[in-house]
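**Student:** Input file: coords_31.cif. Contents: mmCIF, N, CA and C atoms.
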data_run
#
loop_
_atom_site.group_PDB
_atom_site.id
_atom_site.type_symbol
_atom_site.label_atom_id
_atom_site.label_comp_id
_atom_site.auth_asym_id
_atom_site.auth_seq_id
_atom_site.Cartn_x
_atom_site.Cartn_y
_atom_site.Cartn_z
ATOM 1 N N MET A 944 192.075 -44.881 39.752
ATOM 2 C CA MET A 944 190.700 -45.289 39.950
ATOM 3 C C MET A 944 190.556 -46.742 39.546
ATOM 4 N N ASN A 945 189.870 -47.492 40.380
ATOM 5 C CA ASN A 945 189.653 -48.901 40.100
ATOM 6 C C ASN A 945 188.346 -49.170 39.378
ATOM 7 N N TYR A 946 187.423 -48.213 39.402
ATOM 8 C CA TYR A 946 186.089 -48.434 38.872
ATOM 9 C C TYR A 946 185.679 -47.266 37.994
ATOM 10 N N VAL A 947 184.627 -47.472 37.201
ATOM 11 C CA VAL A 947 184.123 -46.418 36.321
ATOM 12 C C VAL A 947 182.630 -46.229 36.561
ATOM 13 N N VAL A 948 182.105 -45.106 36.090
ATOM 14 C CA VAL A 948 180.681 -44.824 36.204
ATOM 15 C C VAL A 948 179.899 -45.946 35.536
ATOM 16 N N GLY A 949 178.899 -46.430 36.234
ATOM 17 C CA GLY A 949 178.063 -47.517 35.738
ATOM 18 C C GLY A 949 178.411 -48.869 36.326
ATOM 19 N N ASP A 950 179.618 -49.004 36.880
ATOM 20 C CA ASP A 950 179.999 -50.264 37.527
ATOM 21 C C ASP A 950 179.103 -50.516 38.732
ATOM 22 N N ARG A 951 178.768 -51.783 38.929
ATOM 23 C CA ARG A 951 178.064 -52.206 40.141
ATOM 24 C C ARG A 951 179.083 -52.874 41.034
ATOM 25 N N VAL A 952 179.204 -52.355 42.253
ATOM 26 C CA VAL A 952 180.248 -52.801 43.172
ATOM 27 C C VAL A 952 179.636 -53.264 44.486
ATOM 28 N N ARG A 953 180.338 -54.180 45.139
ATOM 29 C CA ARG A 953 179.916 -54.672 46.456
ATOM 30 C C ARG A 953 180.675 -53.874 47.508
ATOM 31 N N ILE A 954 179.923 -53.315 48.464
ATOM 32 C CA ILE A 954 180.517 -52.565 49.577
ATOM 33 C C ILE A 954 181.040 -53.569 50.604
ATOM 34 N N CYS A 955 182.189 -53.289 51.175
ATOM 35 C CA CYS A 955 182.800 -54.178 52.170
ATOM 36 C C CYS A 955 181.855 -54.419 53.348
ATOM 37 N N GLY A 956 181.966 -55.602 53.926
ATOM 38 C CA GLY A 956 181.175 -55.928 55.105
ATOM 39 C C GLY A 956 181.718 -55.270 56.357
ATOM 40 N N VAL A 957 182.999 -54.982 56.355
ATOM 41 C CA VAL A 957 183.651 -54.334 57.492
ATOM 42 C C VAL A 957 184.678 -53.363 56.930
ATOM 43 N N TRP A 958 184.732 -52.175 57.468
ATOM 44 C CA TRP A 958 185.825 -51.262 57.152
ATOM 45 C C TRP A 958 186.264 -50.591 58.439
ATOM 46 N N TYR A 959 187.410 -50.020 58.405
ATOM 47 C CA TYR A 959 188.021 -49.478 59.612
ATOM 48 C C TYR A 959 188.051 -47.960 59.540
ATOM 49 N N PRO A 960 187.185 -47.297 60.319
ATOM 50 C CA PRO A 960 187.081 -45.837 60.263
ATOM 51 C C PRO A 960 188.403 -45.118 60.446
ATOM 52 N N GLU A 961 189.305 -45.680 61.263
ATOM 53 C CA GLU A 961 190.586 -44.993 61.477
ATOM 54 C C GLU A 961 191.428 -44.952 60.205
ATOM 55 N N ALA A 962 191.136 -45.821 59.259
ATOM 56 C CA ALA A 962 191.872 -45.830 57.992
ATOM 57 C C ALA A 962 191.350 -44.759 57.036
ATOM 58 N N ILE A 963 190.151 -44.254 57.297
ATOM 59 C CA ILE A 963 189.531 -43.248 56.430
ATOM 60 C C ILE A 963 189.010 -42.124 57.323
ATOM 61 N N PRO A 964 189.875 -41.196 57.724
ATOM 62 C CA PRO A 964 189.465 -40.136 58.647
ATOM 63 C C PRO A 964 188.277 -39.332 58.131
ATOM 64 N N MET A 965 187.401 -38.961 59.038
ATOM 65 C CA MET A 965 186.246 -38.100 58.779
ATOM 66 C C MET A 965 185.227 -38.722 57.826
ATOM 67 N N VAL A 966 185.240 -40.034 57.653
ATOM 68 C CA VAL A 966 184.238 -40.693 56.829
ATOM 69 C C VAL A 966 183.455 -41.642 57.721
ATOM 70 N N ASN A 967 182.161 -41.522 57.717
ATOM 71 C CA ASN A 967 181.260 -42.417 58.441
ATOM 72 C C ASN A 967 181.503 -42.417 59.950
ATOM 73 N N GLU A 968 181.869 -41.291 60.502
ATOM 74 C CA GLU A 968 182.168 -41.220 61.931
ATOM 75 C C GLU A 968 180.968 -41.580 62.801
ATOM 76 N N GLU A 969 179.757 -41.336 62.318
ATOM 77 C CA GLU A 969 178.561 -41.631 63.103
ATOM 78 C C GLU A 969 177.905 -42.945 62.698
ATOM 79 N N GLY A 970 178.501 -43.667 61.752
ATOM 80 C CA GLY A 970 177.974 -44.961 61.345
ATOM 81 C C GLY A 970 176.763 -44.909 60.433
ATOM 82 N N LEU A 971 176.486 -43.754 59.850
ATOM 83 C CA LEU A 971 175.294 -43.606 59.016
ATOM 84 C C LEU A 971 175.384 -44.353 57.682
ATOM 85 N N MET A 972 176.582 -44.776 57.304
ATOM 86 C CA MET A 972 176.761 -45.523 56.050
ATOM 87 C C MET A 972 176.750 -47.035 56.286
ATOM 88 N N ASP A 973 176.728 -47.450 57.530
ATOM 89 C CA ASP A 973 176.892 -48.863 57.859
ATOM 90 C C ASP A 973 175.848 -49.774 57.222
ATOM 91 N N HIS A 974 174.642 -49.279 57.021
ATOM 92 C CA HIS A 974 173.596 -50.140 56.462
ATOM 93 C C HIS A 974 173.862 -50.529 55.009
ATOM 94 N N TRP A 975 174.862 -49.913 54.384
ATOM 95 C CA TRP A 975 175.241 -50.275 53.009
ATOM 96 C C TRP A 975 176.285 -51.388 52.976
ATOM 97 N N GLN A 976 176.816 -51.767 54.118
ATOM 98 C CA GLN A 976 177.809 -52.838 54.136
ATOM 99 C C GLN A 976 177.206 -54.121 53.566
ATOM 100 N N ASP A 977 177.997 -54.817 52.753
ATOM 101 C CA ASP A 977 177.592 -56.066 52.081
ATOM 102 C C ASP A 977 176.496 -55.858 51.045
ATOM 103 N N GLN A 978 176.278 -54.628 50.612
ATOM 104 C CA GLN A 978 175.266 -54.352 49.589
ATOM 105 C C GLN A 978 175.942 -54.041 48.253
ATOM 106 N N THR A 979 175.209 -54.251 47.177
ATOM 107 C CA THR A 979 175.695 -53.899 45.842
ATOM 108 C C THR A 979 175.150 -52.527 45.479
ATOM 109 N N MET A 980 176.043 -51.668 44.981
ATOM 110 C CA MET A 980 175.666 -50.302 44.616
ATOM 111 C C MET A 980 176.205 -49.983 43.227
ATOM 112 N N THR A 981 175.633 -48.944 42.609
ATOM 113 C CA THR A 981 175.988 -48.535 41.250
ATOM 114 C C THR A 981 176.678 -47.180 41.283
ATOM 115 N N ILE A 982 177.855 -47.083 40.689
ATOM 116 C CA ILE A 982 178.598 -45.816 40.664
ATOM 117 C C ILE A 982 177.941 -44.855 39.678
ATOM 118 N N ARG A 983 177.584 -43.665 40.177
ATOM 119 C CA ARG A 983 176.952 -42.648 39.326
ATOM 120 C C ARG A 983 177.900 -41.518 38.962
ATOM 121 N N ALA A 984 178.952 -41.347 39.758
ATOM 122 C CA ALA A 984 179.918 -40.277 39.491
ATOM 123 C C ALA A 984 181.196 -40.575 40.260
ATOM 124 N N ILE A 985 182.278 -39.949 39.810
ATOM 125 C CA ILE A 985 183.572 -40.091 40.475
ATOM 126 C C ILE A 985 184.117 -38.698 40.710
ATOM 127 N N ASP A 986 184.405 -38.396 41.957
ATOM 128 C CA ASP A 986 184.917 -37.091 42.359
ATOM 129 C C ASP A 986 186.403 -37.252 42.671
ATOM 130 N N VAL A 987 187.242 -36.534 41.938
ATOM 131 C CA VAL A 987 188.691 -36.670 42.119
ATOM 132 C C VAL A 987 189.278 -35.555 42.984
ATOM 133 N N SER A 988 188.433 -34.711 43.569
ATOM 134 C CA SER A 988 188.941 -33.640 44.425
ATOM 135 C C SER A 988 189.193 -34.158 45.835
ATOM 136 N N TYR A 989 189.889 -33.365 46.622
ATOM 137 C CA TYR A 989 190.106 -33.641 48.048
ATOM 138 C C TYR A 989 190.583 -35.064 48.333
ATOM 139 N N GLY A 990 191.650 -35.471 47.675
ATOM 140 C CA GLY A 990 192.218 -36.784 47.952
ATOM 141 C C GLY A 990 191.456 -37.939 47.339
ATOM 142 N N GLY A 991 190.644 -37.649 46.308
ATOM 143 C CA GLY A 991 189.858 -38.692 45.643
ATOM 144 C C GLY A 991 190.754 -39.710 44.960
ATOM 145 N N PRO A 992 190.195 -40.693 44.331
ATOM 146 C CA PRO A 992 188.808 -40.703 43.892
ATOM 147 C C PRO A 992 187.832 -41.060 45.010
ATOM 148 N N TRP A 993 186.697 -40.374 44.947
ATOM 149 C CA TRP A 993 185.543 -40.662 45.785
ATOM 150 C C TRP A 993 184.443 -41.111 44.835
ATOM 151 N N TYR A 994 183.862 -42.249 45.122
ATOM 152 C CA TYR A 994 182.794 -42.765 44.280
ATOM 153 C C TYR A 994 181.453 -42.331 44.847
ATOM 154 N N ARG A 995 180.563 -41.887 43.974
ATOM 155 C CA ARG A 995 179.198 -41.479 44.342
ATOM 156 C C ARG A 995 178.257 -42.537 43.791
ATOM 157 N N MET A 996 177.296 -42.971 44.581
ATOM 158 C CA MET A 996 176.434 -44.088 44.228
ATOM 159 C C MET A 996 174.996 -43.661 43.954
ATOM 160 N N VAL A 997 174.345 -44.414 43.097
ATOM 161 C CA VAL A 997 172.937 -44.168 42.768
ATOM 162 C C VAL A 997 172.056 -44.421 43.985
ATOM 163 N N GLU A 998 172.248 -45.543 44.631
ATOM 164 C CA GLU A 998 171.328 -46.024 45.655
ATOM 165 C C GLU A 998 171.251 -45.155 46.906
ATOM 166 N N ASP A 999 172.298 -44.416 47.232
ATOM 167 C CA ASP A 999 172.282 -43.610 48.455
ATOM 168 C C ASP A 999 172.064 -42.123 48.182
ATOM 169 N N GLY A 1000 171.592 -41.800 47.009
ATOM 170 C CA GLY A 1000 171.466 -40.410 46.581
ATOM 171 C C GLY A 1000 170.563 -39.529 47.422
ATOM 172 N N GLU A 1001 169.661 -40.115 48.181
ATOM 173 C CA GLU A 1001 168.758 -39.332 49.028
ATOM 174 C C GLU A 1001 169.332 -39.104 50.421
ATOM 175 N N GLU A 1002 170.429 -39.762 50.744
ATOM 176 C CA GLU A 1002 171.029 -39.641 52.075
ATOM 177 C C GLU A 1002 172.036 -38.493 52.109
ATOM 178 N N ASN A 1003 172.541 -38.198 53.294
ATOM 179 C CA ASN A 1003 173.554 -37.162 53.472
ATOM 180 C C ASN A 1003 173.088 -35.825 52.889
ATOM 181 N N GLY A 1004 171.918 -35.408 53.279
ATOM 182 C CA GLY A 1004 171.390 -34.130 52.809
ATOM 183 C C GLY A 1004 171.019 -34.121 51.343
ATOM 184 N N GLY A 1005 170.730 -35.284 50.764
ATOM 185 C CA GLY A 1005 170.349 -35.378 49.353
ATOM 186 C C GLY A 1005 171.511 -35.446 48.389
ATOM 187 N N GLU A 1006 172.738 -35.512 48.917
ATOM 188 C CA GLU A 1006 173.922 -35.594 48.062
ATOM 189 C C GLU A 1006 174.438 -37.008 47.902
ATOM 190 N N GLY A 1007 174.051 -37.902 48.790
ATOM 191 C CA GLY A 1007 174.635 -39.235 48.818
ATOM 192 C C GLY A 1007 175.978 -39.190 49.522
ATOM 193 N N TRP A 1008 176.526 -40.371 49.764
ATOM 194 C CA TRP A 1008 177.799 -40.491 50.476
ATOM 195 C C TRP A 1008 178.972 -40.522 49.512
ATOM 196 N N TYR A 1009 180.152 -40.377 50.047
ATOM 197 C CA TYR A 1009 181.402 -40.461 49.296
ATOM 198 C C TYR A 1009 182.083 -41.763 49.704
ATOM 199 N N TRP A 1010 182.427 -42.601 48.726
ATOM 200 C CA TRP A 1010 182.992 -43.924 48.972
ATOM 201 C C TRP A 1010 184.411 -44.005 48.425
ATOM 202 N N LYS A 1011 185.307 -44.588 49.208
ATOM 203 C CA LYS A 1011 186.709 -44.785 48.798
ATOM 204 C C LYS A 1011 186.916 -46.222 48.319
ATOM 205 N N ASP A 1012 188.000 -46.434 47.572
ATOM 206 C CA ASP A 1012 188.354 -47.782 47.106
ATOM 207 C C ASP A 1012 188.388 -48.783 48.254
ATOM 208 N N SER A 1013 188.919 -48.369 49.390
ATOM 209 C CA SER A 1013 189.073 -49.282 50.518
ATOM 210 C C SER A 1013 187.734 -49.700 51.131
ATOM 211 N N MET A 1014 186.657 -49.015 50.775
ATOM 212 C CA MET A 1014 185.330 -49.355 51.277
ATOM 213 C C MET A 1014 184.581 -50.273 50.321
ATOM 214 N N ILE A 1015 185.169 -50.490 49.141
ATOM 215 C CA ILE A 1015 184.544 -51.334 48.129
ATOM 216 C C ILE A 1015 185.265 -52.668 48.106
ATOM 217 N N ASP A 1016 184.499 -53.733 48.237
ATOM 218 C CA ASP A 1016 185.051 -55.076 48.295
ATOM 219 C C ASP A 1016 185.427 -55.588 46.915
ATOM 220 N N CYS A 1017 184.516 -55.457 45.949
ATOM 221 C CA CYS A 1017 184.786 -56.017 44.631
ATOM 222 C C CYS A 1017 183.820 -55.474 43.595
ATOM 223 N N LEU A 1018 184.166 -55.720 42.350
ATOM 224 C CA LEU A 1018 183.308 -55.396 41.217
ATOM 225 C C LEU A 1018 182.301 -56.525 41.064
ATOM 226 N N GLU A 1019 181.026 -56.195 41.080
ATOM 227 C CA GLU A 1019 179.970 -57.203 40.897
ATOM 228 C C GLU A 1019 179.609 -57.320 39.424
ATOM 229 N N GLU A 1020 179.526 -56.162 38.756
ATOM 230 C CA GLU A 1020 179.138 -56.138 37.350
ATOM 231 C C GLU A 1020 179.773 -54.921 36.708
ATOM 232 N N GLN A 1021 180.515 -55.155 35.638
ATOM 233 C CA GLN A 1021 181.191 -54.060 34.955
ATOM 234 C C GLN A 1021 180.165 -53.214 34.218
ATOM 235 N N GLU A 1022 180.477 -51.940 34.092
ATOM 236 C CA GLU A 1022 179.548 -51.049 33.393
ATOM 237 C C GLU A 1022 179.247 -51.610 32.024
ATOM 238 N N SER A 1023 178.008 -51.392 31.603
ATOM 239 C CA SER A 1023 177.592 -51.870 30.292
ATOM 240 C C SER A 1023 176.936 -50.721 29.560
ATOM 241 N N ASP A 1024 176.141 -51.014 28.613
ATOM 242 C CA ASP A 1024 175.459 -49.971 27.852
ATOM 243 C C ASP A 1024 174.298 -49.429 28.661
ATOM 244 N N PHE A 1025 174.616 -48.552 29.622
ATOM 245 C CA PHE A 1025 173.565 -47.947 30.425
ATOM 246 C C PHE A 1025 173.173 -46.622 29.808
ATOM 247 N N ASP A 1026 172.010 -46.149 30.161
ATOM 248 C CA ASP A 1026 171.517 -44.861 29.699
ATOM 249 C C ASP A 1026 172.244 -43.773 30.483
ATOM 250 N N GLY A 1027 173.118 -43.053 29.835
ATOM 251 C CA GLY A 1027 173.931 -42.044 30.495
ATOM 252 C C GLY A 1027 173.138 -40.993 31.249
ATOM 253 N N ASP A 1028 171.848 -40.797 30.889
ATOM 254 C CA ASP A 1028 171.027 -39.822 31.585
ATOM 255 C C ASP A 1028 170.755 -40.239 33.021
ATOM 256 N N GLU A 1029 170.951 -41.512 33.344
ATOM 257 C CA GLU A 1029 170.719 -41.985 34.702
ATOM 258 C C GLU A 1029 171.852 -41.589 35.643
ATOM 259 N N PHE A 1030 172.981 -41.203 35.111
ATOM 260 C CA PHE A 1030 174.157 -40.973 35.908
ATOM 261 C C PHE A 1030 174.736 -39.589 35.636
ATOM 262 N N GLU A 1031 175.497 -39.096 36.616
ATOM 263 C CA GLU A 1031 176.330 -37.928 36.367
ATOM 264 C C GLU A 1031 177.563 -38.481 35.677
ATOM 265 N N SER A 1032 177.603 -38.414 34.375
ATOM 266 C CA SER A 1032 178.630 -39.133 33.632
ATOM 267 C C SER A 1032 179.999 -38.486 33.712
ATOM 268 N N ALA A 1033 180.070 -37.231 34.096
ATOM 269 C CA ALA A 1033 181.355 -36.553 34.170
ATOM 270 C C ALA A 1033 182.101 -36.913 35.438
ATOM 271 N N ILE A 1034 183.387 -36.922 35.337
ATOM 272 C CA ILE A 1034 184.202 -37.029 36.537
ATOM 273 C C ILE A 1034 184.207 -35.661 37.183
ATOM 274 N N LEU A 1035 183.853 -35.609 38.446
ATOM 275 C CA LEU A 1035 183.700 -34.329 39.161
ATOM 276 C C LEU A 1035 185.020 -33.840 39.698
#
Would you encode the structure as structure tokens?
**Tutor:**
Amino acid sequence: MNYVVGDRVRICGVWYPEAIPMVNEEGLMDHWQDQTMTIRAIDVSYGGPWYRMVEDGEENGGEGWYWKDSMIDCLEEQESDFDGDEFESAIL
């Protein structure tokens, strides 16, 4: 894993769907490209890590999207003393 819960990361401006099968096939995540998001949880199942973000939590049926390392461009701000109640602090 390259990131931890609470990190603010920049989503890539371009990613290649063929590199990440079955992710964003309909382009519903595209509006997050070039945006900064906050990691709320990390899911290590099914070929993870998959990062779960605060900002998209109402999308994808209320679950938010699953993000891979290759979809994240860079770390914008390292996690700091955040209120753990804001995040699912456990690794899923």
**Student:** Using the chain letters and numbers from the file, give me the residues hit by the PyMOL selection byres (((chain A and resi 947 and name CA) around 12) and name CA), as an NGL selection string.
**Tutor:** :A and (944-946 or 948-952 or 981-986 or 992-996 or 1012 or 1018 or 1020-1023 or 1030-1034)
**Student:** Kindly give the distance, in Å, that separates atom N of Thr979 in chain A and CA of Gly1005 in chain A, rounded to a single decimal.
**Tutor:** 19.6 Å
**Student:** One decimal, Å: what's the distance from CA of Leu971 in chain A over to CA of Ile1015 in chain A, could you say?
**Tutor:** 16.2 Å
**Student:** Just give me the gap between atom C of Gly991 in chain A and CA of His974 in chain A in Å, one decimal is fine.
**Tutor:** 23.1 Å
**Student:** From the DSSP assignment of the backbone, select every residue of range 952-993 of chain A that is strand (DSSP E or B), and format the answer as a PyMOL selection string.
**Tutor:** chain A and resi 952-954+979-986+993
**Student:** Quick one: 6 Å padding each side, axis-aligned, all listed atoms of range 1003-1022 of chain A - centre and edge lengths in Å to one decimal, as AutoDock Vina command-line options?
**Tutor:**
--center_x 179.7 --center_y -45.7 --center_z 42.7 --size_x 30.7 --size_y 35.2 --size_z 33.4
